[in-house]
$ cat query_26.txt   # compact mmCIF, C-alpha atoms
# COMPACT_ATOMS: atom_id res chain seq x y z
CA VAL A 1383 68.24 18.52 -54.24
CA LYS A 1384 66.27 15.42 -53.21
CA LEU A 1385 63.15 16.18 -51.19
CA GLY A 1386 61.22 13.55 -49.28
CA PHE A 1387 57.65 13.78 -48.00
CA VAL A 1388 56.68 11.50 -45.15
CA GLY A 1389 52.91 11.21 -45.43
CA GLY A 1390 53.31 12.66 -48.90
CA THR A 1391 50.06 11.18 -50.16
CA GLY A 1392 47.92 13.52 -48.01
CA ILE A 1393 46.59 16.97 -48.85
CA GLU A 1394 49.55 18.98 -47.50
CA GLY A 1395 52.06 16.57 -49.03
CA ARG A 1396 50.31 16.80 -52.40
CA GLY A 1397 50.58 20.59 -52.66
CA LEU A 1398 54.22 20.72 -51.63
CA ALA A 1399 55.28 17.72 -53.72
CA LEU A 1400 53.60 19.16 -56.82
CA ARG A 1401 55.09 22.64 -56.37
CA PHE A 1402 58.62 21.33 -55.76
CA ALA A 1403 58.42 18.78 -58.58
CA ALA A 1404 57.10 21.44 -60.97
CA ALA A 1405 60.09 23.57 -59.92
CA GLY A 1406 62.50 20.82 -60.94
CA ALA A 1407 63.33 19.20 -57.60
CA GLU A 1408 63.66 15.44 -57.26
CA VAL A 1409 60.63 14.46 -55.18
CA LEU A 1410 60.01 11.29 -53.19
CA ILE A 1411 56.64 10.81 -51.57
CA GLY A 1412 56.19 8.34 -48.75
CA SER A 1413 53.32 6.42 -47.25
CA ARG A 1414 53.09 3.63 -44.72
CA SER A 1415 51.97 1.53 -47.68
CA PRO A 1416 54.50 1.48 -50.56
CA GLU A 1417 51.72 0.45 -52.98
CA ARG A 1418 49.72 3.53 -52.09
CA ALA A 1419 52.82 5.74 -52.44
CA VAL A 1420 53.45 4.38 -55.94
CA LYS A 1421 49.81 4.87 -56.94
CA VAL A 1422 49.65 8.46 -55.67
CA ALA A 1423 53.03 9.29 -57.23
CA ALA A 1424 51.52 8.24 -60.57
CA GLU A 1425 48.60 10.60 -59.97
CA TYR A 1426 50.99 13.49 -59.20
CA ASN A 1427 53.01 12.71 -62.33
CA ALA A 1428 49.81 12.78 -64.39
CA VAL A 1429 49.09 16.30 -63.06
CA LEU A 1430 52.67 17.36 -63.79
CA GLY A 1431 52.86 15.70 -67.21
CA ALA A 1432 56.29 14.35 -66.26
CA GLU A 1433 57.83 11.47 -64.34
CA SER A 1434 59.19 13.70 -61.53
CA VAL A 1435 57.74 12.03 -58.44
CA ARG A 1436 58.57 8.62 -57.01
CA GLY A 1437 56.54 6.76 -54.38
CA LEU A 1438 58.20 4.76 -51.59
CA GLU A 1439 57.55 3.50 -48.09
CA ASN A 1440 58.06 6.33 -45.55
CA SER A 1441 61.37 5.10 -44.10
CA ALA A 1442 62.82 4.57 -47.59
CA VAL A 1443 61.99 8.22 -48.27
CA VAL A 1444 63.86 9.27 -45.13
CA THR A 1445 66.90 7.22 -46.11
CA SER A 1446 67.15 8.78 -49.58
CA ALA A 1447 66.14 12.40 -49.08
CA ASP A 1448 68.33 15.42 -48.28
CA ILE A 1449 65.43 17.26 -46.67
CA VAL A 1450 62.47 15.38 -45.21
CA PHE A 1451 59.08 17.11 -44.96
CA LEU A 1452 56.72 15.76 -42.36
CA THR A 1453 53.37 16.21 -44.09
CA VAL A 1454 50.89 14.57 -41.76
CA PRO A 1455 48.08 16.10 -39.68
CA PHE A 1456 49.34 17.60 -36.41
CA ASP A 1457 47.74 14.93 -34.21
CA GLN A 1458 49.47 12.15 -36.16
CA ALA A 1459 52.85 13.90 -36.22
CA PRO A 1460 54.31 12.46 -32.99
CA ASP A 1461 53.58 8.87 -34.12
CA ALA A 1462 54.92 9.59 -37.60
CA VAL A 1463 58.12 11.00 -36.08
CA ARG A 1464 58.55 7.97 -33.81
CA SER A 1465 58.11 5.65 -36.78
CA ILE A 1466 61.09 7.19 -38.61
CA LEU A 1467 63.33 7.85 -35.58
CA SER A 1468 65.51 4.80 -36.27
CA THR A 1469 66.03 5.92 -39.88
CA VAL A 1470 66.83 9.63 -39.59
CA ARG A 1471 70.51 10.52 -39.79
CA PRO A 1472 72.35 12.92 -37.49
CA GLY A 1473 72.41 16.33 -39.19
CA GLN A 1474 69.45 15.47 -41.39
CA VAL A 1475 66.91 18.28 -41.80
CA LEU A 1476 63.31 17.57 -40.97
CA VAL A 1477 60.64 20.10 -41.95
CA ASP A 1478 57.47 20.33 -39.91
CA VAL A 1479 54.47 21.84 -41.69
CA THR A 1480 51.84 20.98 -39.09
CA VAL A 1481 49.25 23.41 -37.76
CA PRO A 1482 47.34 22.47 -34.61
CA LEU A 1483 43.83 23.62 -35.43
CA SER A 1484 40.69 21.88 -34.24
CA PHE A 1485 37.48 22.19 -36.23
CA GLN A 1486 34.52 21.34 -34.04
CA SER A 1487 30.91 22.13 -34.88
CA GLY A 1488 31.93 25.03 -37.09
CA LYS A 1489 34.27 26.53 -34.52
CA ILE A 1490 37.99 26.71 -35.25
CA GLU A 1491 40.47 26.83 -32.43
CA TYR A 1492 44.20 26.83 -31.96
CA VAL A 1493 45.19 23.78 -29.95
CA GLU A 1494 47.67 24.83 -27.27
CA PHE A 1495 50.50 22.52 -26.24
CA PRO A 1496 52.64 22.82 -23.11
CA GLU A 1497 55.69 22.98 -25.41
CA GLY A 1498 54.31 26.24 -26.92
CA SER A 1499 53.60 25.05 -30.46
CA SER A 1500 53.17 21.93 -32.55
CA ALA A 1501 56.69 22.46 -33.90
CA GLU A 1502 58.22 22.55 -30.43
CA ARG A 1503 56.19 19.51 -29.44
CA ILE A 1504 57.65 17.56 -32.36
CA ALA A 1505 61.15 18.84 -31.56
CA SER A 1506 60.81 17.46 -28.03
CA ILE A 1507 60.55 13.93 -29.47
CA LEU A 1508 63.53 14.25 -31.78
CA PRO A 1509 67.16 13.59 -30.87
CA GLN A 1510 69.18 16.84 -30.77
CA GLU A 1511 71.24 15.83 -33.82
CA VAL A 1512 68.21 15.99 -36.07
CA LYS A 1513 67.51 19.58 -37.06
CA LEU A 1514 63.86 20.54 -37.09
CA VAL A 1515 62.65 23.43 -39.23
CA GLY A 1516 59.10 24.78 -39.33
CA ALA A 1517 57.88 26.01 -42.72
CA PHE A 1518 54.80 26.28 -44.93
CA LYS A 1519 52.63 26.37 -41.81
CA GLU A 1520 50.73 29.51 -42.77
CA LEU A 1521 50.33 28.63 -46.45
CA PRO A 1522 47.11 26.71 -47.19
CA ALA A 1523 47.64 23.25 -48.70
CA HIS A 1524 44.94 23.73 -51.33
CA VAL A 1525 46.63 26.93 -52.52
CA LEU A 1526 49.90 25.05 -52.91
CA GLY A 1527 48.09 22.20 -54.64
CA ASP A 1528 46.49 24.39 -57.30
CA LEU A 1529 49.43 24.97 -59.64
CA GLY A 1530 47.41 27.61 -61.50
CA ILE A 1531 47.63 29.97 -58.52
CA VAL A 1532 50.58 32.37 -58.61
CA LEU A 1533 51.70 32.22 -54.97
CA ASP A 1534 53.13 35.73 -54.71
CA CYS A 1535 53.59 35.50 -50.95
CA ASP A 1536 56.09 34.66 -48.25
CA VAL A 1537 56.85 31.46 -46.36
CA LEU A 1538 57.99 31.91 -42.80
CA VAL A 1539 60.83 29.59 -41.86
CA CYS A 1540 61.82 28.95 -38.25
CA GLY A 1541 64.17 26.60 -36.44
CA ASN A 1542 67.00 26.63 -33.94
CA SER A 1543 69.71 25.75 -36.48
CA SER A 1544 70.45 28.60 -38.88
CA GLU A 1545 72.24 26.14 -41.16
CA ALA A 1546 69.10 24.02 -41.40
CA ARG A 1547 66.92 27.07 -41.98
CA ASP A 1548 69.25 28.15 -44.81
CA LYS A 1549 69.02 24.71 -46.41
CA VAL A 1550 65.22 24.82 -46.37
CA MET A 1551 65.13 28.43 -47.58
CA SER A 1552 67.36 27.50 -50.54
CA ALA A 1553 64.91 24.74 -51.47
CA ILE A 1554 61.96 27.14 -51.17
CA ARG A 1555 63.64 29.58 -53.56
CA LEU A 1556 63.17 26.96 -56.29
CA ILE A 1557 59.43 27.71 -56.29
CA PRO A 1558 58.62 30.79 -58.38
CA THR A 1559 57.06 33.85 -56.67
CA LEU A 1560 57.50 32.29 -53.23
CA ARG A 1561 59.90 34.09 -50.90
CA PRO A 1562 61.32 32.37 -47.82
CA VAL A 1563 61.53 34.65 -44.79
CA ASP A 1564 63.87 33.78 -41.95
CA ALA A 1565 61.71 33.92 -38.82
CA GLY A 1566 64.44 32.82 -36.42
CA PRO A 1567 64.07 30.28 -33.62
CA LEU A 1568 61.60 27.41 -33.54
CA SER A 1569 59.57 29.27 -30.92
CA SER A 1570 58.43 31.63 -33.70
CA ALA A 1571 56.12 28.76 -34.63
CA ARG A 1572 53.91 30.00 -31.78
CA VAL A 1573 53.11 33.03 -33.91
CA ILE A 1574 53.22 31.36 -37.31
CA GLU A 1575 50.86 28.50 -36.44
CA ARG A 1576 48.35 31.01 -35.07
CA MET A 1577 48.61 33.02 -38.30
CA THR A 1578 47.13 30.00 -40.03
CA LEU A 1579 44.11 30.27 -37.76
CA LEU A 1580 43.82 33.91 -38.82
CA ALA A 1581 44.08 32.92 -42.50
CA VAL A 1582 41.24 30.40 -42.05
CA LEU A 1583 39.09 33.01 -40.29
CA LEU A 1584 39.78 35.56 -43.04
CA ASN A 1585 38.91 33.02 -45.75
CA ARG A 1586 35.55 32.41 -44.08
CA ARG A 1587 34.82 36.09 -43.55
CA TYR A 1588 35.83 37.19 -47.05
CA LYS A 1589 34.47 34.03 -48.73
CA LYS A 1590 37.86 33.30 -50.26
CA LYS A 1591 40.18 30.33 -50.11
CA GLY A 1592 43.66 31.67 -50.49
CA ALA A 1593 44.41 34.13 -47.66
CA ARG A 1594 48.17 34.17 -47.22
CA PHE A 1595 50.85 36.55 -46.00
CA ARG A 1596 53.45 38.90 -47.34
CA ILE A 1597 55.84 40.79 -45.11
CA GLN A 1598 56.42 44.32 -46.34
CA GLY A 1599 59.45 46.38 -45.43
CA ILE A 1600 62.07 43.62 -45.24
CA VAL B 683 34.98 62.19 -38.14
CA LYS B 684 36.43 63.31 -34.81
CA LEU B 685 39.18 61.02 -33.51
CA GLY B 686 40.48 61.16 -29.97
CA PHE B 687 43.73 59.75 -28.64
CA VAL B 688 43.96 59.03 -24.93
CA GLY B 689 47.66 59.08 -24.20
CA GLY B 690 48.07 60.76 -27.56
CA THR B 691 51.35 62.40 -26.65
CA GLY B 692 53.21 59.08 -26.61
CA ILE B 693 54.98 57.30 -29.46
CA GLU B 694 52.00 55.22 -30.67
CA GLY B 695 49.63 58.17 -30.35
CA ARG B 696 52.00 60.37 -32.30
CA GLY B 697 52.11 58.11 -35.37
CA LEU B 698 48.36 57.58 -35.49
CA ALA B 699 47.47 61.21 -34.79
CA LEU B 700 49.84 62.42 -37.51
CA ARG B 701 48.59 59.93 -40.11
CA PHE B 702 44.92 60.64 -39.39
CA ALA B 703 45.41 64.42 -39.25
CA ALA B 704 47.37 64.34 -42.52
CA ALA B 705 44.44 62.40 -44.00
CA GLY B 706 42.03 65.18 -43.07
CA ALA B 707 40.45 63.82 -39.88
CA GLU B 708 39.77 66.08 -36.90
CA VAL B 709 42.26 64.92 -34.29
CA LEU B 710 42.21 65.47 -30.53
CA ILE B 711 45.16 64.28 -28.50
CA GLY B 712 44.84 63.78 -24.79
CA SER B 713 47.19 63.67 -21.86
CA ARG B 714 46.70 63.61 -18.11
CA SER B 715 48.19 67.10 -18.22
CA PRO B 716 46.26 69.48 -20.50
CA GLU B 717 49.33 71.75 -20.75
CA ARG B 718 51.38 68.86 -22.08
CA ALA B 719 48.61 67.95 -24.55
CA VAL B 720 48.54 71.52 -25.91
CA LYS B 721 52.31 71.62 -26.19
CA VAL B 722 52.56 68.27 -28.04
CA ALA B 723 49.63 69.19 -30.31
CA ALA B 724 51.63 72.26 -31.36
CA GLU B 725 54.58 69.98 -32.18
CA TYR B 726 52.35 67.73 -34.30
CA ASN B 727 50.90 70.76 -36.10
CA ALA B 728 54.43 71.96 -36.85
CA VAL B 729 55.19 68.60 -38.49
CA LEU B 730 51.92 68.75 -40.43
CA GLY B 731 52.25 72.40 -41.41
CA ALA B 732 48.61 72.90 -40.44
CA GLU B 733 46.48 73.49 -37.35
CA SER B 734 44.80 70.04 -37.48
CA VAL B 735 45.49 68.69 -34.01
CA ARG B 736 44.12 69.95 -30.70
CA GLY B 737 45.43 69.03 -27.25
CA LEU B 738 43.11 68.42 -24.29
CA GLU B 739 42.97 66.59 -21.01
CA ASN B 740 42.23 62.87 -21.58
CA SER B 741 38.61 62.90 -20.38
CA ALA B 742 37.80 65.97 -22.49
CA VAL B 743 39.06 64.00 -25.48
CA VAL B 744 36.74 61.12 -24.61
CA THR B 745 33.77 63.47 -24.28
CA SER B 746 34.32 65.05 -27.71
CA ALA B 747 35.52 62.20 -29.91
CA ASP B 748 33.48 59.81 -32.06
CA ILE B 749 36.17 57.15 -31.86
CA VAL B 750 38.63 57.03 -28.97
CA PHE B 751 42.04 55.42 -29.46
CA LEU B 752 43.74 54.16 -26.36
CA THR B 753 47.39 54.85 -27.15
CA VAL B 754 49.23 53.99 -23.97
CA PRO B 755 51.72 51.18 -23.25
CA PHE B 756 49.98 47.86 -22.52
CA ASP B 757 50.89 47.82 -18.83
CA GLN B 758 49.35 51.27 -18.33
CA ALA B 759 46.20 50.46 -20.31
CA PRO B 760 44.02 49.12 -17.44
CA ASP B 761 44.65 52.26 -15.36
CA ALA B 762 44.05 54.52 -18.35
CA VAL B 763 40.77 52.73 -19.04
CA ARG B 764 39.66 53.05 -15.43
CA SER B 765 40.45 56.78 -15.48
CA ILE B 766 38.02 57.37 -18.38
CA LEU B 767 35.30 54.88 -17.33
CA SER B 768 33.04 57.59 -15.94
CA THR B 769 33.32 59.59 -19.17
CA VAL B 770 32.80 57.00 -21.91
CA ARG B 771 29.30 56.89 -23.39
CA PRO B 772 27.28 53.74 -24.07
CA GLY B 773 27.85 52.76 -27.71
CA GLN B 774 31.08 54.71 -27.92
CA VAL B 775 33.87 52.97 -29.79
CA LEU B 776 37.19 52.50 -28.07
CA VAL B 777 40.20 51.33 -30.06
CA ASP B 778 42.94 49.38 -28.34
CA VAL B 779 46.34 49.45 -30.04
CA THR B 780 48.35 47.85 -27.24
CA VAL B 781 50.82 45.02 -27.72
CA PRO B 782 52.01 43.13 -24.66
CA LEU B 783 55.71 42.68 -25.37
CA SER B 784 58.40 42.66 -22.73
CA PHE B 785 61.93 43.67 -23.61
CA GLN B 786 64.35 42.35 -21.03
CA SER B 787 68.11 42.13 -21.46
CA GLY B 788 67.75 41.98 -25.23
CA LYS B 789 65.13 39.23 -25.17
CA ILE B 790 61.65 40.00 -26.46
CA GLU B 791 58.70 38.02 -25.21
CA TYR B 792 54.95 38.01 -25.63
CA VAL B 793 53.35 38.59 -22.23
CA GLU B 794 50.50 36.11 -21.79
CA PHE B 795 47.33 37.10 -19.96
CA PRO B 796 44.67 34.77 -18.58
CA GLU B 797 42.13 36.64 -20.75
CA GLY B 798 44.05 35.50 -23.87
CA SER B 799 45.32 38.86 -25.11
CA SER B 800 45.87 42.45 -24.03
CA ALA B 801 42.72 43.41 -25.95
CA GLU B 802 40.58 40.90 -24.09
CA ARG B 803 42.14 41.98 -20.81
CA ILE B 804 41.09 45.58 -21.47
CA ALA B 805 37.61 44.45 -22.60
CA SER B 806 37.17 42.69 -19.25
CA ILE B 807 37.40 46.06 -17.48
CA LEU B 808 34.93 47.86 -19.76
CA PRO B 809 31.16 47.91 -19.38
CA GLN B 810 29.43 45.86 -22.11
CA GLU B 811 27.91 48.97 -23.70
CA VAL B 812 31.32 50.30 -24.68
CA LYS B 813 32.50 48.62 -27.86
CA LEU B 814 36.17 47.69 -27.91
CA VAL B 815 38.01 47.26 -31.20
CA GLY B 816 41.62 46.14 -31.60
CA ALA B 817 43.55 47.77 -34.46
CA PHE B 818 47.02 48.97 -35.48
CA LYS B 819 48.55 46.42 -33.14
CA GLU B 820 50.85 44.88 -35.75
CA LEU B 821 51.88 48.16 -37.36
CA PRO B 822 55.00 49.70 -35.79
CA ALA B 823 54.46 53.16 -34.27
CA HIS B 824 57.65 54.56 -35.80
CA VAL B 825 56.49 53.50 -39.27
CA LEU B 826 53.20 55.32 -38.72
CA GLY B 827 55.07 58.32 -37.35
CA ASP B 828 57.33 58.73 -40.38
CA LEU B 829 54.95 60.34 -42.86
CA GLY B 830 57.50 59.81 -45.62
CA ILE B 831 56.92 56.05 -45.54
CA VAL B 832 54.24 54.79 -47.94
CA LEU B 833 52.46 52.27 -45.74
CA ASP B 834 51.31 49.90 -48.46
CA CYS B 835 50.12 47.29 -45.98
CA ASP B 836 47.07 46.03 -44.10
CA VAL B 837 45.72 46.80 -40.65
CA LEU B 838 43.97 43.93 -38.92
CA VAL B 839 40.81 45.03 -37.12
CA CYS B 840 39.09 42.84 -34.54
CA GLY B 841 36.25 43.23 -32.07
CA ASN B 842 33.01 41.60 -31.04
CA SER B 843 30.76 44.31 -32.52
CA SER B 844 30.73 44.28 -36.32
CA GLU B 845 29.21 47.77 -36.29
CA ALA B 846 32.15 49.08 -34.25
CA ARG B 847 34.66 47.30 -36.49
CA ASP B 848 33.01 48.90 -39.54
CA LYS B 849 33.25 52.35 -37.95
CA VAL B 850 36.96 51.91 -37.28
CA MET B 851 37.59 50.43 -40.73
CA SER B 852 35.90 53.44 -42.33
CA ALA B 853 38.23 55.75 -40.42
CA ILE B 854 41.26 53.69 -41.45
CA ARG B 855 40.29 54.02 -45.12
CA LEU B 856 41.05 57.74 -44.82
CA ILE B 857 44.76 56.91 -44.66
CA PRO B 858 46.21 56.38 -48.16
CA THR B 859 47.67 52.94 -49.04
CA LEU B 860 46.46 51.44 -45.76
CA ARG B 861 43.81 48.72 -46.06
CA PRO B 862 41.70 47.69 -43.08
CA VAL B 863 41.13 43.93 -42.90
CA ASP B 864 38.21 42.58 -40.89
CA ALA B 865 39.74 39.96 -38.59
CA GLY B 866 36.51 39.14 -36.77
CA PRO B 867 36.13 38.70 -33.01
CA LEU B 868 38.30 40.31 -30.35
CA SER B 869 39.94 36.95 -29.68
CA SER B 870 41.78 37.37 -33.01
CA ALA B 871 43.97 39.75 -31.02
CA ARG B 872 45.72 36.61 -29.71
CA VAL B 873 47.16 36.15 -33.18
CA ILE B 874 47.55 39.80 -34.13
CA GLU B 875 49.45 40.83 -30.98
CA ARG B 876 51.84 37.93 -31.51
CA MET B 877 52.38 39.04 -35.12
CA THR B 878 53.89 42.19 -33.70
CA LEU B 879 56.44 40.06 -31.87
CA LEU B 880 57.25 38.43 -35.22
CA ALA B 881 57.60 41.85 -36.87
CA VAL B 882 60.07 42.93 -34.17
CA LEU B 883 62.06 39.71 -34.58
CA LEU B 884 62.14 40.15 -38.37
CA ASN B 885 63.27 43.76 -38.03
CA ARG B 886 66.19 42.61 -35.87
CA ARG B 887 67.12 39.74 -38.14
CA TYR B 888 66.89 41.73 -41.39
CA LYS B 889 68.27 44.93 -39.83
CA LYS B 890 65.19 46.85 -40.93
CA LYS B 891 62.65 48.91 -39.06
CA GLY B 892 59.41 48.61 -40.96
CA ALA B 893 58.36 44.93 -41.13
CA ARG B 894 54.58 44.91 -41.58
CA PHE B 895 51.96 42.66 -43.09
CA ARG B 896 49.87 42.35 -46.19
CA ILE B 897 47.27 39.64 -46.63
CA GLN B 898 47.25 38.25 -50.15
CA GLY B 899 44.27 36.49 -51.68
CA ILE B 900 41.45 38.40 -49.99
$ encode --input "query_26.txt" --output "structure tokens"
Amino acid sequence: VKLGFVGGTGIEGRGLALRFAAAGAEVLIGSRSPERAVKVAAEYNAVLGAESVRGLENSAVVTSADIVFLTVPFDQAPDAVRSILSTVRPGQVLVDVTVPLSFQSGKIEYVEFPEGSSAERIASILPQEVKLVGAFKELPAHVLGDLGIVLDCDVLVCGNSSEARDKVMSAIRLIPTLRPVDAGPLSSARVIERMTLLAVLLNRRYKKKGARFRIQGI
Amino acid sequence: VKLGFVGGTGIEGRGLALRFAAAGAEVLIGSRSPERAVKVAAEYNAVLGAESVRGLENSAVVTSADIVFLTVPFDQAPDAVRSILSTVRPGQVLVDVTVPLSFQSGKIEYVEFPEGSSAERIASILPQEVKLVGAFKELPAHVLGDLGIVLDCDVLVCGNSSEARDKVMSAIRLIPTLRPVDAGPLSSARVIERMTLLAVLLNRRYKKKGARFRIQGI
């Protein structure tokens, strides 16, 4: 499976690209600048000790990939989506990993949108034929990026197309000790994005960095 | 420690009262009708095979207990709080376990309040001297009530008084395989109450009954 990462040179893109590449997936990372994408891909390959990641301009990533991860900060997501709108194919699966948290003078808050969540806000920009899936929202980027950490947790996957969710869950199963959990419709992002806020609060309180979730009993 | 349960004859009260009594705590369950409280306490004691639970009228429970659990449905909570307002003592710890979910024609929704959560709504009715703590919100009552189930999960505890949170967390530690997690201020209930919605959705999707949470990495 060929996985693309729009904004793949950032912190969230790095963690996901490294984990998927280490798991044997073909990984394409994108940037607005193709030179930067190539440079960062070389850095990722140095970490991996293999030539598993390629760097391309964002829209070239969208053209080539089976599943496209949108790995940009939440406030840049609408612009990033608009910039690839002419390239996405009907039926293509887009994965939104954004979490709308604001960090201001030490205070962390969930940023509320009229659409209900950052995922639903992004969906409102997309044509219906493009299937949006929310995933990896509640899993900290730096935990993903540290390949030494055994994940041993769940990833909640939501979206209005069960076919698209299944596709993303199959990809997630490549990553050892990570279990995809089918969280149903895209509106579940309202819960999942807020769980990230909780994880950040718990990290602060317990002086840890890797608070993450496991669902027992399913 | 003496634990009281206002509305302790209902489904949420049952699970908590049974777990705490089985763990060796002194348990008082309350009802508006003292006769009903006595009758249900006898039922609980039959399940436990011991005389660990006593039934009293709600306000007698409040007078005697160190920690008072408010185990009524969310839409009855404000009235239940008002009915015990003249009895609660300054510094007493009240535990809110409510979850504002509406079930209508098969659709489950989180009921939003202007205060931000059911916990904060209840806090707005209480005098400042009474410390409100939110706990057990994301743990299904029927899972608590089935003593055969090894819980093996976390309970998120939130509230604006760290002393009150500590008191509740100490009580929770009585219950085997249940770990209290300090989730900070009462506003964390906005996340925690929504996690219950997610648990219900996951139970439906996976055809299970006991979806519950564990926080990894802390």
$ closest_atom_pairs --input "query_26.txt" --of "chain A" --to "chain B" --cutoff "7 Å" --atoms "all atoms listed in the file" --output "CSV"
residue,atom,partner,partner_atom,distance
A:Cys1535,CA,B:Gln898,CA,7.0
A:Ala1565,CA,B:Leu884,CA,6.3
A:Val1573,CA,B:Arg876,CA,5.6
A:Arg1576,CA,B:Val873,CA,5.6
A:Met1577,CA,B:Val873,CA,6.2
A:Leu1580,CA,B:Val873,CA,6.9
A:Leu1584,CA,B:Ala865,CA,6.3
A:Tyr1588,CA,B:Ile900,CA,6.5
A:Lys1590,CA,B:Ile900,CA,6.2
A:Gly1592,CA,B:Gly899,CA,5.0
A:Ala1593,CA,B:Gly899,CA,4.7
A:Arg1594,CA,B:Gln898,CA,5.1
A:Phe1595,CA,B:Ile897,CA,4.8
A:Arg1596,CA,B:Arg896,CA,5.1
A:Ile1597,CA,B:Phe895,CA,4.8
A:Gln1598,CA,B:Arg894,CA,5.1
A:Gly1599,CA,B:Ala893,CA,4.7
A:Ile1600,CA,B:Ala893,CA,5.7
$ residues_around --input "query_26.txt" --residues "stretch 755-762 of chain B" --least-positions-apart "6" --cutoff "10 Å" --atoms "all atoms listed in the file" --output "compact mmCIF listing (two decimals) with C-alpha atoms, in the coordinates of the input"
# COMPACT_ATOMS: atom_id res chain seq x y z
CA VAL B 688 43.96 59.03 -24.93
CA GLY B 689 47.66 59.08 -24.20
CA GLY B 692 53.21 59.08 -26.61
CA ILE B 693 54.98 57.30 -29.46
CA GLU B 694 52.00 55.22 -30.67
CA ARG B 714 46.70 63.61 -18.11
CA ASN B 740 42.23 62.87 -21.58
CA ASP B 778 42.94 49.38 -28.34
CA VAL B 779 46.34 49.45 -30.04
CA THR B 780 48.35 47.85 -27.24
CA VAL B 781 50.82 45.02 -27.72
CA PRO B 782 52.01 43.13 -24.66
CA LEU B 783 55.71 42.68 -25.37
CA SER B 784 58.40 42.66 -22.73
CA VAL B 793 53.35 38.59 -22.23
CA SER B 800 45.87 42.45 -24.03
CA ALA B 801 42.72 43.41 -25.95
CA ARG B 803 42.14 41.98 -20.81
CA ILE B 804 41.09 45.58 -21.47
CA ALA B 805 37.61 44.45 -22.60
CA SER B 806 37.17 42.69 -19.25
CA ILE B 807 37.40 46.06 -17.48
CA LEU B 808 34.93 47.86 -19.76
$ residues_around --input "query_26.txt" --residues "A:Gly1395" --least-positions-apart "5" --cutoff "12 Å" --atoms "only C-alpha atoms" --output "VMD selection string"
chain A and resid 1385 to 1390 1400 to 1403 1409 to 1413 1419 1422 to 1423 1426 1435 1450 to 1455 1477 to 1480 1518 1522 to 1524 1526 to 1527
$ atom_distance --input "query_26.txt" --atom1 "atom CA of B:Asn842" --atom2 "atom CA of B:Leu868"
5.5 Å
$ atom_distance --input "query_26.txt" --atom1 "atom CA of A:Thr1391" --atom2 "atom CA of A:Val1420"
9.5 Å
$ residues_around --input "query_26.txt" --residues "B:Pro772" --least-positions-apart "6" --cutoff "10 Å" --atoms "all atoms listed in the file" --output "mmCIF file with C-alpha atoms, in the coordinates of the input"
data_model
loop_
_atom_site.group_PDB
_atom_site.id
_atom_site.type_symbol
_atom_site.label_atom_id
_atom_site.label_comp_id
_atom_site.auth_asym_id
_atom_site.auth_seq_id
_atom_site.Cartn_x
_atom_site.Cartn_y
_atom_site.Cartn_z
ATOM 1 C CA PRO B 809 31.160 47.910 -19.380
ATOM 2 C CA GLN B 810 29.430 45.860 -22.110
ATOM 3 C CA GLU B 811 27.910 48.970 -23.700
ATOM 4 C CA VAL B 812 31.320 50.300 -24.680
ATOM 5 C CA LYS B 813 32.500 48.620 -27.860
#
$ atom_distance --input "query_26.txt" --atom1 "atom CA of B:Cys840" --atom2 "atom CA of B:Ala742"
26.1 Å
$ closest_residue --input "query_26.txt" --among "B:Ala728, B:Val882, B:Leu829, B:Val775" --to "B:Ile857" --atoms "all atoms listed in the file"
B:Leu829
